[in-house]
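Asks: Contents of entry.tsv (TSV, C-alpha atoms and all ligand atoms):
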chain	number	residue	atom	x	y	z
A	1	MET	CA	-29.10	-2.55	5.49
A	2	ILE	CA	-28.67	0.54	3.34
A	3	LEU	CA	-26.21	0.38	0.51
A	4	LEU	CA	-23.88	3.39	0.51
A	5	ILE	CA	-21.32	2.54	-2.14
A	6	GLU	CA	-21.45	0.09	-4.98
A	7	LEU	CA	-18.58	-0.61	-7.33
A	8	ILE	CA	-19.61	-2.72	-10.28
A	9	ASP	CA	-17.08	-4.50	-12.45
A	10	ILE	CA	-14.38	-1.85	-12.19
A	11	GLU	CA	-11.45	-2.12	-14.54
A	12	LYS	CA	-8.52	0.26	-14.46
A	13	GLN	CA	-5.76	0.43	-17.00
A	14	TYR	CA	-2.87	2.79	-16.46
A	15	ILE	CA	-1.58	4.12	-19.76
A	16	ARG	CA	2.21	3.98	-19.83
A	17	LYS	CA	4.72	5.53	-22.16
A	18	LYS	CA	6.59	2.99	-24.27
A	19	ALA	CA	4.87	0.05	-22.62
A	20	GLU	CA	1.59	-1.82	-22.75
A	21	PRO	CA	-1.13	-0.38	-20.51
A	22	PHE	CA	-0.91	-1.76	-16.98
A	23	ILE	CA	-4.09	-3.38	-15.73
A	24	ALA	CA	-4.38	-2.46	-12.06
A	25	LEU	CA	-7.99	-3.53	-11.48
A	26	ARG	CA	-9.60	-6.47	-13.25
A	27	GLY	CA	-13.34	-6.46	-12.80
A	28	VAL	CA	-13.67	-5.56	-9.13
A	29	SER	CA	-17.13	-5.37	-7.57
A	30	LEU	CA	-17.74	-4.26	-4.00
A	31	LYS	CA	-20.73	-3.21	-1.90
A	32	LEU	CA	-20.39	-1.06	1.19
A	33	GLU	CA	-23.24	-0.85	3.66
A	34	LYS	CA	-23.98	2.31	5.56
A	35	GLY	CA	-22.32	2.30	8.97
A	36	GLU	CA	-19.90	-0.56	8.48
A	37	ILE	CA	-16.12	-0.63	8.65
A	38	PHE	CA	-14.86	-2.46	5.60
A	39	GLY	CA	-11.23	-3.43	5.18
A	40	VAL	CA	-9.33	-4.27	2.03
A	41	ILE	CA	-6.05	-6.11	2.50
A	42	GLY	CA	-3.45	-7.04	-0.07
A	43	ARG	CA	0.25	-7.02	-0.82
A	44	SER	CA	2.00	-4.03	-2.31
A	45	GLY	CA	0.88	-3.48	-5.89
A	46	ALA	CA	-2.35	-5.48	-5.50
A	47	GLY	CA	-4.40	-2.46	-6.55
A	48	LYS	CA	-5.73	-1.30	-3.17
A	49	SER	CA	-5.02	2.40	-3.56
A	50	THR	CA	-6.31	2.34	-7.11
A	51	LEU	CA	-9.53	0.80	-5.84
A	52	LEU	CA	-9.90	3.32	-3.03
A	53	ARG	CA	-9.20	6.25	-5.32
A	54	SER	CA	-11.74	5.09	-7.85
A	55	ILE	CA	-14.50	5.66	-5.28
A	56	ASN	CA	-14.11	9.44	-5.46
A	57	LEU	CA	-12.82	9.23	-9.04
A	58	LEU	CA	-9.36	10.50	-8.10
A	59	GLU	CA	-8.60	7.62	-10.47
A	60	ARG	CA	-11.26	7.32	-13.10
A	61	PRO	CA	-11.93	3.66	-13.92
A	62	THR	CA	-11.41	2.60	-17.52
A	63	SER	CA	-14.76	0.85	-17.30
A	64	GLY	CA	-17.33	-0.03	-14.66
A	65	THR	CA	-19.78	1.83	-12.47
A	66	VAL	CA	-19.19	3.76	-9.24
A	67	ILE	CA	-22.36	4.42	-7.29
A	68	VAL	CA	-22.15	6.54	-4.14
A	69	GLY	CA	-25.32	7.42	-2.26
A	70	GLY	CA	-27.46	6.42	-5.23
A	71	ASP	CA	-25.60	8.49	-7.85
A	72	ASP	CA	-23.43	7.09	-10.60
A	73	LEU	CA	-20.36	9.30	-10.19
A	74	THR	CA	-18.95	8.47	-13.61
A	75	LYS	CA	-21.95	10.26	-15.12
A	76	LEU	CA	-21.70	13.48	-13.08
A	77	GLY	CA	-20.35	16.78	-14.39
A	78	GLU	CA	-17.28	18.35	-12.74
A	79	LYS	CA	-19.29	20.63	-10.45
A	80	GLU	CA	-21.65	17.93	-9.21
A	81	LEU	CA	-18.69	15.66	-8.69
A	82	GLN	CA	-16.97	18.31	-6.52
A	83	GLU	CA	-20.07	18.51	-4.33
A	84	LYS	CA	-20.23	14.73	-4.04
A	85	ARG	CA	-16.53	14.55	-3.13
A	86	LYS	CA	-17.14	16.74	-0.10
A	87	LYS	CA	-19.12	13.87	1.37
A	88	ILE	CA	-16.23	11.47	0.83
A	89	GLY	CA	-13.44	12.12	3.35
A	90	MET	CA	-9.99	10.73	2.80
A	91	ILE	CA	-6.89	10.18	4.93
A	92	PHE	CA	-3.44	9.12	3.82
A	93	GLN	CA	-0.39	7.22	5.02
A	94	HIS	CA	1.78	10.35	4.93
A	95	PHE	CA	-0.94	12.67	6.20
A	96	ASN	CA	-0.71	15.24	3.32
A	97	LEU	CA	-0.93	18.26	5.63
A	98	LEU	CA	-0.10	21.82	4.63
A	99	SER	CA	3.29	22.35	6.24
A	100	THR	CA	2.99	26.15	6.39
A	101	ALA	CA	-0.40	26.06	8.10
A	102	THR	CA	-1.16	25.39	11.78
A	103	VAL	CA	-3.26	22.47	12.99
A	104	ARG	CA	-6.24	24.81	13.19
A	105	GLU	CA	-5.70	26.18	9.68
A	106	ASN	CA	-5.25	22.71	8.22
A	107	ILE	CA	-8.58	21.61	9.64
A	108	ALA	CA	-10.30	24.84	8.56
A	109	PHE	CA	-9.03	24.52	5.00
A	110	PRO	CA	-11.87	22.42	3.49
A	111	LEU	CA	-14.42	24.59	5.29
A	112	LYS	CA	-12.98	27.72	3.72
A	113	ILE	CA	-13.21	26.10	0.33
A	114	SER	CA	-16.85	25.32	1.11
A	115	LYS	CA	-17.21	29.07	1.81
A	116	LEU	CA	-18.67	28.68	5.28
A	117	PRO	CA	-19.00	31.91	7.31
A	118	ALA	CA	-16.02	32.56	9.63
A	119	LYS	CA	-18.00	31.99	12.80
A	120	ALA	CA	-19.33	28.62	11.64
A	121	ILE	CA	-15.80	27.62	10.67
A	122	ARG	CA	-14.46	28.55	14.11
A	123	GLN	CA	-17.18	26.53	15.78
A	124	LYS	CA	-16.72	23.49	13.59
A	125	VAL	CA	-12.94	23.53	13.98
A	126	ASP	CA	-13.31	23.74	17.77
A	127	GLU	CA	-15.55	20.68	17.70
A	128	LEU	CA	-13.17	18.73	15.49
A	129	LEU	CA	-10.13	19.65	17.61
A	130	GLU	CA	-11.98	18.35	20.64
A	131	LEU	CA	-12.99	15.16	18.83
A	132	VAL	CA	-9.43	14.25	17.85
A	133	GLY	CA	-7.90	15.54	21.09
A	134	LEU	CA	-5.74	18.31	19.67
A	135	THR	CA	-7.21	21.42	21.26
A	136	ALA	CA	-3.94	22.11	23.09
A	137	GLN	CA	-1.89	21.79	19.89
A	138	GLN	CA	-4.15	23.87	17.65
A	139	HIS	CA	-1.59	26.62	16.99
A	140	GLN	CA	1.33	24.28	16.27
A	141	TYR	CA	2.66	23.45	12.83
A	142	PRO	CA	2.79	19.91	11.42
A	143	ARG	CA	6.58	19.70	11.96
A	144	GLN	CA	5.96	20.20	15.68
A	145	LEU	CA	3.65	17.17	15.89
A	146	SER	CA	4.20	13.44	16.31
A	147	GLY	CA	3.06	11.05	13.56
A	148	GLY	CA	-0.05	10.11	15.51
A	149	GLN	CA	-0.94	13.76	16.07
A	150	LYS	CA	-0.46	14.49	12.36
A	151	GLN	CA	-2.87	11.72	11.49
A	152	ARG	CA	-5.35	13.16	13.96
A	153	VAL	CA	-5.17	16.42	12.05
A	154	GLY	CA	-5.71	14.45	8.83
A	155	ILE	CA	-8.77	12.79	10.34
A	156	ALA	CA	-10.24	16.07	11.61
A	157	ARG	CA	-9.72	17.68	8.21
A	158	ALA	CA	-11.36	14.72	6.47
A	159	LEU	CA	-14.39	15.05	8.75
A	160	ALA	CA	-14.81	18.80	8.29
A	161	ASN	CA	-17.57	18.58	5.67
A	162	ASP	CA	-19.48	15.88	7.58
A	163	PRO	CA	-18.77	13.10	5.09
A	164	ASP	CA	-20.86	9.94	4.78
A	165	VAL	CA	-17.79	7.84	4.26
A	166	LEU	CA	-14.15	8.01	5.25
A	167	LEU	CA	-11.58	6.41	2.95
A	168	CYS	CA	-8.35	5.48	4.71
A	169	ASP	CA	-5.31	4.63	2.61
A	170	GLU	CA	-2.80	2.88	4.91
A	171	ALA	CA	-3.65	5.44	7.57
A	172	THR	CA	-1.60	3.71	10.26
A	173	SER	CA	1.26	2.26	8.20
A	174	ALA	CA	3.69	5.02	9.15
A	175	LEU	CA	2.93	4.71	12.87
A	176	ASP	CA	4.31	2.57	15.69
A	177	PRO	CA	2.04	-0.15	17.12
A	178	GLN	CA	0.87	1.87	20.12
A	179	THR	CA	0.02	4.93	18.05
A	180	THR	CA	-1.66	2.66	15.51
A	181	ASP	CA	-3.94	1.38	18.27
A	182	SER	CA	-4.89	4.89	19.35
A	183	ILE	CA	-5.69	5.96	15.77
A	184	LEU	CA	-7.71	2.78	15.18
A	185	SER	CA	-9.74	3.37	18.31
A	186	LEU	CA	-10.37	6.96	17.22
A	187	LEU	CA	-11.64	5.68	13.86
A	188	ARG	CA	-13.84	3.21	15.65
A	189	ASP	CA	-15.31	5.95	17.87
A	190	ILE	CA	-16.00	8.10	14.84
A	191	ASN	CA	-17.76	5.18	13.17
A	192	ARG	CA	-19.87	4.51	16.26
A	193	LYS	CA	-20.71	7.98	17.41
A	194	MET	CA	-21.16	9.66	14.05
A	195	GLY	CA	-22.31	6.66	12.02
A	196	ILE	CA	-19.67	7.31	9.37
A	197	THR	CA	-18.96	4.39	7.07
A	198	ILE	CA	-15.26	3.57	6.81
A	199	LEU	CA	-13.35	1.88	4.02
A	200	LEU	CA	-9.77	1.23	4.95
A	201	ILE	CA	-6.96	-0.43	3.10
A	202	THR	CA	-3.97	-1.98	4.77
A	203	HIS	CA	-1.39	-4.70	4.42
A	204	GLU	CA	-1.70	-5.62	8.10
A	205	MET	CA	-4.18	-8.24	9.20
A	206	GLY	CA	-3.97	-6.87	12.75
A	207	VAL	CA	-5.64	-3.65	11.58
A	208	ILE	CA	-8.44	-5.62	9.93
A	209	ARG	CA	-9.00	-7.68	13.03
A	210	ALA	CA	-9.00	-4.70	15.36
A	211	ILE	CA	-11.79	-2.67	13.78
A	212	CYS	CA	-13.31	-4.11	10.59
A	213	ASP	CA	-16.69	-5.79	10.21
A	214	ARG	CA	-16.02	-7.19	6.75
A	215	VAL	CA	-12.89	-7.70	4.70
A	216	ALA	CA	-11.91	-8.26	1.09
A	217	VAL	CA	-8.55	-9.70	0.10
A	218	MET	CA	-6.96	-8.40	-3.09
A	219	GLU	CA	-4.33	-9.85	-5.34
A	220	TYR	CA	-3.26	-8.85	-8.86
A	221	GLY	CA	-6.12	-6.41	-9.29
A	222	GLN	CA	-8.85	-8.76	-8.15
A	223	ILE	CA	-10.77	-9.54	-4.99
A	224	VAL	CA	-9.90	-13.16	-4.28
A	225	GLU	CA	-11.82	-13.62	-1.05
A	226	SER	CA	-14.29	-11.63	1.05
A	227	GLY	CA	-16.67	-12.02	3.96
A	228	THR	CA	-17.12	-11.11	7.59
A	229	VAL	CA	-13.80	-10.71	9.35
A	230	LEU	CA	-14.63	-13.61	11.64
A	231	ASP	CA	-15.42	-16.00	8.77
A	232	VAL	CA	-12.35	-15.05	6.81
A	233	PHE	CA	-10.12	-15.34	9.87
A	234	LEU	CA	-11.44	-18.65	11.01
A	235	ASN	CA	-11.73	-20.25	7.56
A	236	PRO	CA	-9.29	-18.59	5.18
A	237	VAL	CA	-9.50	-20.28	1.79
A	238	HIS	CA	-7.20	-18.50	-0.66
A	239	PRO	CA	-3.44	-19.02	-0.08
A	240	ILE	CA	-2.82	-15.28	0.18
A	241	THR	CA	-5.54	-15.00	2.84
A	242	ARG	CA	-4.00	-17.87	4.77
A	243	GLU	CA	-0.68	-16.09	4.66
A	244	PHE	CA	-2.16	-12.88	6.05
A	245	VAL	CA	-4.06	-14.72	8.77
A	246	SER	CA	-0.96	-16.63	9.85
A	247	GLU	CA	0.83	-13.30	10.38
A	248	VAL	CA	-1.44	-12.61	13.31
A	249	SER	CA	0.27	-14.68	15.92
A	250	ASP	CA	-2.60	-15.97	18.00
A	251	THR	CA	-4.52	-17.74	15.28
A	252	LEU	CA	-3.49	-21.32	15.02
A	253	GLY	CA	-1.84	-23.06	12.12
A	254	SER	CA	-1.51	-26.78	11.56
A	255	GLU	CA	2.21	-26.30	10.85
A	256	ALA	CA	3.06	-26.58	14.53
A	257	LEU	CA	1.47	-30.02	14.58
A	258	ASN	CA	3.68	-31.56	11.94
A	259	ALA	CA	5.75	-33.25	14.60
A	260	PHE	CA	2.67	-34.60	16.37
A	261	ALA	CA	2.57	-38.40	16.52
A	262	GLY	CA	-0.36	-39.18	18.82
A	263	ALA	CA	-2.71	-42.07	18.30
A	264	GLY	CA	-6.01	-40.17	18.18
A	265	ARG	CA	-7.68	-38.04	15.54
A	266	VAL	CA	-6.80	-34.37	15.50
A	267	VAL	CA	-9.52	-31.77	14.92
A	268	ARG	CA	-9.64	-28.01	14.83
A	269	ILE	CA	-12.68	-26.52	16.56
A	270	ASN	CA	-13.72	-22.92	16.03
A	271	PHE	CA	-15.89	-21.24	18.64
A	272	ARG	CA	-17.52	-17.89	18.15
A	273	GLY	CA	-19.58	-15.50	20.23
A	274	GLU	CA	-20.73	-16.49	23.71
A	275	GLN	CA	-20.12	-20.18	22.94
A	276	THR	CA	-16.47	-19.37	23.41
A	277	TYR	CA	-17.01	-19.38	27.16
A	278	GLU	CA	-19.20	-22.52	27.35
A	279	PRO	CA	-17.88	-25.99	28.25
A	280	VAL	CA	-19.21	-27.41	24.98
A	281	LEU	CA	-16.31	-29.74	24.30
A	282	TYR	CA	-16.38	-31.27	27.76
A	283	GLU	CA	-20.13	-31.78	27.65
A	284	THR	CA	-19.95	-33.45	24.27
A	285	VAL	CA	-17.13	-35.83	25.10
A	286	ARG	CA	-18.59	-36.73	28.50
A	287	GLY	CA	-21.44	-38.69	26.92
A	288	THR	CA	-19.01	-41.12	25.24
A	289	SER	CA	-16.13	-43.25	26.40
A	290	ALA	CA	-13.64	-41.15	24.44
A	291	THR	CA	-11.21	-38.63	25.95
A	292	PHE	CA	-9.43	-35.62	24.59
A	293	ALA	CA	-6.15	-33.75	24.85
A	294	ILE	CA	-5.81	-30.08	23.95
A	295	LEU	CA	-2.79	-29.55	21.69
A	296	GLN	CA	-3.19	-25.84	21.05
A	297	GLY	CA	-5.74	-23.28	22.04
A	298	THR	CA	-6.52	-19.60	21.95
A	299	VAL	CA	-9.32	-17.31	22.97
A	300	SER	CA	-9.37	-13.84	21.56
A	301	ARG	CA	-11.63	-11.12	20.30
A	302	MET	CA	-12.31	-9.81	16.85
A	303	LYS	CA	-13.65	-6.30	17.12
A	304	ASP	CA	-16.42	-7.07	19.66
A	305	VAL	CA	-16.89	-10.76	19.01
A	306	PRO	CA	-15.09	-13.29	21.17
A	307	TYR	CA	-13.80	-16.35	19.37
A	308	GLY	CA	-11.76	-19.37	20.25
A	309	GLN	CA	-9.80	-21.97	18.40
A	310	LEU	CA	-8.83	-25.32	19.81
A	311	ILE	CA	-6.79	-28.04	18.25
A	312	VAL	CA	-7.72	-31.21	20.02
A	313	GLU	CA	-6.73	-34.83	19.82
A	314	LEU	CA	-9.77	-37.06	20.28
A	315	ARG	CA	-8.93	-40.51	21.63
A	316	GLY	CA	-11.49	-43.27	21.39
A	317	SER	CA	-13.29	-45.60	19.01
A	318	ASP	CA	-14.08	-44.26	15.54
A	319	GLU	CA	-17.73	-44.48	16.42
A	320	ASP	CA	-17.33	-42.28	19.50
A	321	VAL	CA	-15.09	-39.79	17.73
A	322	ASN	CA	-17.50	-39.51	14.79
A	323	ARG	CA	-20.32	-38.95	17.23
A	324	ILE	CA	-18.41	-36.18	18.98
A	325	ILE	CA	-17.58	-34.45	15.71
A	326	THR	CA	-21.20	-34.63	14.57
A	327	GLU	CA	-22.52	-33.33	17.87
A	328	LEU	CA	-20.07	-30.42	17.99
A	329	GLY	CA	-21.26	-29.52	14.50
A	330	GLN	CA	-24.89	-29.72	15.62
A	331	ARG	CA	-24.09	-27.36	18.47
A	332	GLY	CA	-22.96	-24.83	15.92
A	333	LEU	CA	-19.18	-25.20	16.15
A	334	ALA	CA	-17.04	-25.41	13.03
A	335	VAL	CA	-15.04	-28.62	13.23
A	336	SER	CA	-12.47	-29.76	10.72
A	337	GLU	CA	-10.28	-32.82	10.93
A	338	LEU	CA	-6.59	-32.13	10.39
B	401	LIG	N1	-0.07	6.13	-12.46
B	401	LIG	C1	0.30	4.88	-12.68
B	401	LIG	N2	0.84	4.49	-13.86
B	401	LIG	C2	1.20	3.20	-14.08
B	401	LIG	N3	1.05	2.22	-13.18
B	401	LIG	C3	0.52	2.53	-11.99
B	401	LIG	C4	0.12	3.87	-11.66
B	401	LIG	N4	-0.36	3.88	-10.40
B	401	LIG	C5	-0.27	2.60	-9.96
B	401	LIG	N5	0.25	1.80	-10.90
B	401	LIG	C6	0.50	0.36	-10.78
B	401	LIG	O1	-0.73	-0.29	-10.47
B	401	LIG	C7	-0.52	-1.32	-9.52
B	401	LIG	C8	-1.44	-1.13	-8.34
B	401	LIG	O2	-1.05	0.04	-7.66
B	401	LIG	P1	-1.72	0.48	-6.28
B	401	LIG	O3	-1.06	1.75	-5.88
B	401	LIG	O4	-3.18	0.48	-6.43
B	401	LIG	O5	-1.28	-0.73	-5.34
B	401	LIG	P2	-1.43	-0.89	-3.75
B	401	LIG	O6	-2.10	-2.19	-3.53
B	401	LIG	O7	-2.04	0.32	-3.18
B	401	LIG	O8	0.09	-1.02	-3.31
B	401	LIG	P3	0.83	-0.44	-1.97
B	401	LIG	O9	0.46	-1.39	-0.87
B	401	LIG	O10	2.29	-0.52	-2.33
B	401	LIG	O11	0.36	0.95	-1.74
B	401	LIG	C9	0.95	-1.30	-9.15
B	401	LIG	O12	1.62	-2.32	-9.85
B	401	LIG	C10	1.43	0.06	-9.63
B	401	LIG	O13	2.75	0.01	-10.07
B	402	MG	MG	-1.37	1.83	-1.92
Just give me the structure as structure tokens.

Replies:
Amino acid sequence: MILLIELIDIEKQYIRKKAEPFIALRGVSLKLEKGEIFGVIGRSGAGKSTLLRSINLLERPTSGTVIVGGDDLTKLGEKELQEKRKKIGMIFQHFNLLSTATVRENIAFPLKISKLPAKAIRQKVDELLELVGLTAQQHQYPRQLSGGQKQRVGIARALANDPDVLLCDEATSALDPQTTDSILSLLRDINRKMGITILLITHEMGVIRAICDRVAVMEYGQIVESGTVLDVFLNPVHPITREFVSEVSDTLGSEALNAFAGAGRVVRINFRGEQTYEPVLYETVRGTSATFAILQGTVSRMKDVPYGQLIVELRGSDEDVNRIITELGQRGLAVSEL
């Protein structure tokens, strides 16, 4: 794995008039590997945008180190920093398009600043229009576009200088669910086909689950939990993470079982990968004289990985039930007694 971005112990204080400085980031460290899609989730005010904007030094951290592609950005001069920023694309919740420029002109804008020859600009813009599916709308103005189309312009513009990384600040928060899906699948295609690393921030766990490989959860200026999306989803530890996970309807919570009054022992079993489709539970129970009843169950997919969760009541002697739990564990399933 190649490290693309490393944030080390970032602290950010906002200086305020007539008030103490506000500490928006408290010692945040983060590593981004080349080619991954990394999500940061947190409630409003958690410090997500501040974190994202410290990567290209739109917000300069009060202390800490920002390394992008091997260079410590905090040590670069203004001109070198400008060059470096070209390789860091950014898209925004409210698109930030030039309202008096057409789709084509908006996308060409960063290329003009880079002083590319007119012919090269035309060619590149044609490619980008094709990529985001806006060739037919290229002469329209932003006010003549839907929200999803505007974000496509934003994405094309962010890709104009062939960045290594794309920073997305709530890129789908202003869009309806269907449009959100289409933008997320575009981002995913861009990541796959062009190998561009993506860092996205959101307050929606659904966005994380749809396209991210890894996730960090932020609260009060700190990262309180992080890991692969699958691990964090299946075993959320921090209360705020649990809250986010429970917002996605098809993961199971023990709350629904409060009224349960069965005689057996209730366990939650997490399946992942191809195991999800194997009759592991049946095979394990079959060798004992115990039986089971499924109380809740779901099979879904996180990015490309299938996963399943079952909440099962195991009925039998303690010895049999213990044996089943041990064997499920040995077969690589995560089992926890509720
Ligand atoms: N320029 C500023 N001056 C003072 N305080 C600021 C400034 N910018 C942000 N803050 C404060 O820092 C905290 C973190 O802000 P930030 O924008 O990073 O949060 P966020 O997680 O992106 O929130 P949201 O989900 O609402 O976009 C907030 O409490 C905010 O009020
Ligand atoms: Mg924000």

Asks: Please identify all polymer residues lying at most 6 Å from the point (-0.5, -1.4, -15.7) (file coordinates), using only C-alpha atoms, and present the result as a compact mmCIF listing (two decimals) with C-alpha atoms, in the coordinates of the input.

Replies:
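And here's out_4.txt as it stands now:
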# COMPACT_ATOMS: atom_id res chain seq x y z
CA GLN A 13 -5.76 0.43 -17.00
CA TYR A 14 -2.87 2.79 -16.46
CA PRO A 21 -1.13 -0.38 -20.51
CA PHE A 22 -0.91 -1.76 -16.98
CA ILE A 23 -4.09 -3.38 -15.73
CA ALA A 24 -4.38 -2.46 -12.06

Asks: Kindly give the distance, in Å, that separates CA of Gly69 (chain A) and CA of Lys86 (chain A), rounded to a single decimal.

Replies: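 Going from CA of Gly69 (chain A) over to CA of Lys86 (chain A) covers 12.6 Å.
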
Asks: Show me which residues line ligand MG 402 (chain B), defined as having an atom within 8 Å of a ligand atom where all atoms listed in the file count, and present them as a VMD selection string.

Replies: chain A and resid 44 to 45 47 to 50 169 to 170 201

Asks: Can I get the residues close to ligand LIG 401 (chain B) as a ChimeraX atom specification, where close means within 12 Å and we count all atoms listed in the file?

Replies: /A:11-26,40-54,58-61,92-94,168-171,173,200-204,217-223

Asks: Gln140 (chain A): which residues within 9 Å, counting all atoms listed in the file, same-chain residues fewer than 2 positions away excluded, as a VMD selection string?

Replies: chain A and resid 101 to 104 136 to 138 142 to 145

Asks: CA of Ser289 (chain A) and CA of Thr276 (chain A), how far apart in Å?

Replies: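 Interatomic distance, CA of Thr276 (chain A) to CA of Ser289 (chain A): 24.1 Å.
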
Asks: Using all atoms listed in the file and a cutoff of 9 Å, can you tell me which residues are near (-20.0, -1.8, 9.8) in the file's coordinates, and write them out as a list in words?

Replies: Leu32, Glu33, Lys34, Gly35, Glu36, Ile37, Phe38, Asn191, Thr197, Ile198, Cys212, Asp213 and Arg214 of chain A

Asks: Quick one: distance from CA of Ile196 (chain A) to CA of Ile121 (chain A) in Å, one decimal?

Replies: 20.7 Å

Asks: Of the residues A:His238, A:Gly64, A:Met205, A:Asp162, which is the one nearest to Arg85 (chain A), using only C-alpha atoms?

Replies: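 With only C-alpha atoms as the atom set, the closest residue is A:Asp162.
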
Asks: Of the candidates A:Glu313, A:Glu274, A:Asp181, A:Asp231, which shows the shortest atom-to-atom distance to Gln296 (chain A), using only C-alpha atoms?

Replies: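 Closest to Gln296 (chain A) of all the choices is A:Glu313.
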
Asks: Kindly indicate which residue among A:Leu333, A:Leu7, A:Ile294, A:Val245 lies nearest to Gly262 (chain A), using only C-alpha atoms for the distances.

Replies: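 Checking each candidate against Gly262 (chain A), we get A:Ile294 as the closest.
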
Asks: Output: region 295-301 of chain A of the preceding structure, restricted to all heavy atoms, written as a PDB file, in the first residue's frame.

Replies:
ATOM      1  N   LEU A 295     -34.526 -14.923  15.009  1.00  0.00           N
ATOM      2  CA  LEU A 295     -35.383 -13.835  15.487  1.00  0.00           C
ATOM      3  C   LEU A 295     -35.355 -12.643  14.545  1.00  0.00           C
ATOM      4  O   LEU A 295     -36.353 -11.969  14.346  1.00  0.00           O
ATOM      5  CB  LEU A 295     -34.941 -13.403  16.888  1.00  0.00           C
ATOM      6  CG  LEU A 295     -34.885 -14.521  17.943  1.00  0.00           C
ATOM      7  CD1 LEU A 295     -34.382 -13.977  19.258  1.00  0.00           C
ATOM      8  CD2 LEU A 295     -36.267 -15.156  18.128  1.00  0.00           C
ATOM      9  N   GLN A 296     -34.178 -12.383  14.007  1.00  0.00           N
ATOM     10  CA  GLN A 296     -34.033 -11.302  13.018  1.00  0.00           C
ATOM     11  C   GLN A 296     -32.918 -11.698  12.071  1.00  0.00           C
ATOM     12  O   GLN A 296     -32.000 -12.411  12.470  1.00  0.00           O
ATOM     13  CB  GLN A 296     -33.583  -9.997  13.681  1.00  0.00           C
ATOM     14  CG  GLN A 296     -34.657  -9.255  14.429  1.00  0.00           C
ATOM     15  CD  GLN A 296     -34.170  -7.891  14.890  1.00  0.00           C
ATOM     16  OE1 GLN A 296     -32.975  -7.595  14.860  1.00  0.00           O
ATOM     17  NE2 GLN A 296     -35.075  -7.058  15.326  1.00  0.00           N
ATOM     18  N   GLY A 297     -32.992 -11.208  10.859  1.00  0.00           N
ATOM     19  CA  GLY A 297     -31.898 -11.528   9.951  1.00  0.00           C
ATOM     20  C   GLY A 297     -31.842 -10.576   8.790  1.00  0.00           C
ATOM     21  O   GLY A 297     -32.853  -9.988   8.397  1.00  0.00           O
ATOM     22  N   THR A 298     -30.649 -10.373   8.275  1.00  0.00           N
ATOM     23  CA  THR A 298     -30.500  -9.531   7.092  1.00  0.00           C
ATOM     24  C   THR A 298     -29.280  -9.975   6.311  1.00  0.00           C
ATOM     25  O   THR A 298     -28.295 -10.435   6.882  1.00  0.00           O
ATOM     26  CB  THR A 298     -30.370  -8.049   7.491  1.00  0.00           C
ATOM     27  OG1 THR A 298     -30.308  -7.258   6.309  1.00  0.00           O
ATOM     28  CG2 THR A 298     -29.098  -7.787   8.278  1.00  0.00           C
ATOM     29  N   VAL A 299     -29.387  -9.863   5.003  1.00  0.00           N
ATOM     30  CA  VAL A 299     -28.214 -10.067   4.154  1.00  0.00           C
ATOM     31  C   VAL A 299     -28.127  -8.847   3.265  1.00  0.00           C
ATOM     32  O   VAL A 299     -29.119  -8.433   2.679  1.00  0.00           O
ATOM     33  CB  VAL A 299     -28.343 -11.341   3.298  1.00  0.00           C
ATOM     34  CG1 VAL A 299     -27.214 -11.407   2.287  1.00  0.00           C
ATOM     35  CG2 VAL A 299     -28.329 -12.567   4.184  1.00  0.00           C
ATOM     36  N   SER A 300     -26.961  -8.240   3.235  1.00  0.00           N
ATOM     37  CA  SER A 300     -26.818  -7.051   2.422  1.00  0.00           C
ATOM     38  C   SER A 300     -25.407  -6.995   1.860  1.00  0.00           C
ATOM     39  O   SER A 300     -24.669  -7.985   1.904  1.00  0.00           O
ATOM     40  CB  SER A 300     -27.147  -5.825   3.276  1.00  0.00           C
ATOM     41  OG  SER A 300     -27.239  -4.685   2.466  1.00  0.00           O
ATOM     42  N   ARG A 301     -25.025  -5.833   1.393  1.00  0.00           N
ATOM     43  CA  ARG A 301     -23.766  -5.694   0.705  1.00  0.00           C
ATOM     44  C   ARG A 301     -23.169  -4.371   1.113  1.00  0.00           C
ATOM     45  O   ARG A 301     -23.867  -3.359   1.166  1.00  0.00           O
ATOM     46  CB  ARG A 301     -24.071  -5.673  -0.788  1.00  0.00           C
ATOM     47  CG  ARG A 301     -23.009  -6.132  -1.679  1.00  0.00           C
ATOM     48  CD  ARG A 301     -23.601  -6.406  -3.048  1.00  0.00           C
ATOM     49  NE  ARG A 301     -23.674  -7.838  -3.297  1.00  0.00           N
ATOM     50  CZ  ARG A 301     -22.630  -8.565  -3.647  1.00  0.00           C
ATOM     51  NH1 ARG A 301     -21.462  -8.018  -3.828  1.00  0.00           N
ATOM     52  NH2 ARG A 301     -22.749  -9.852  -3.830  1.00  0.00           N
TER      53      ARG A 301
END
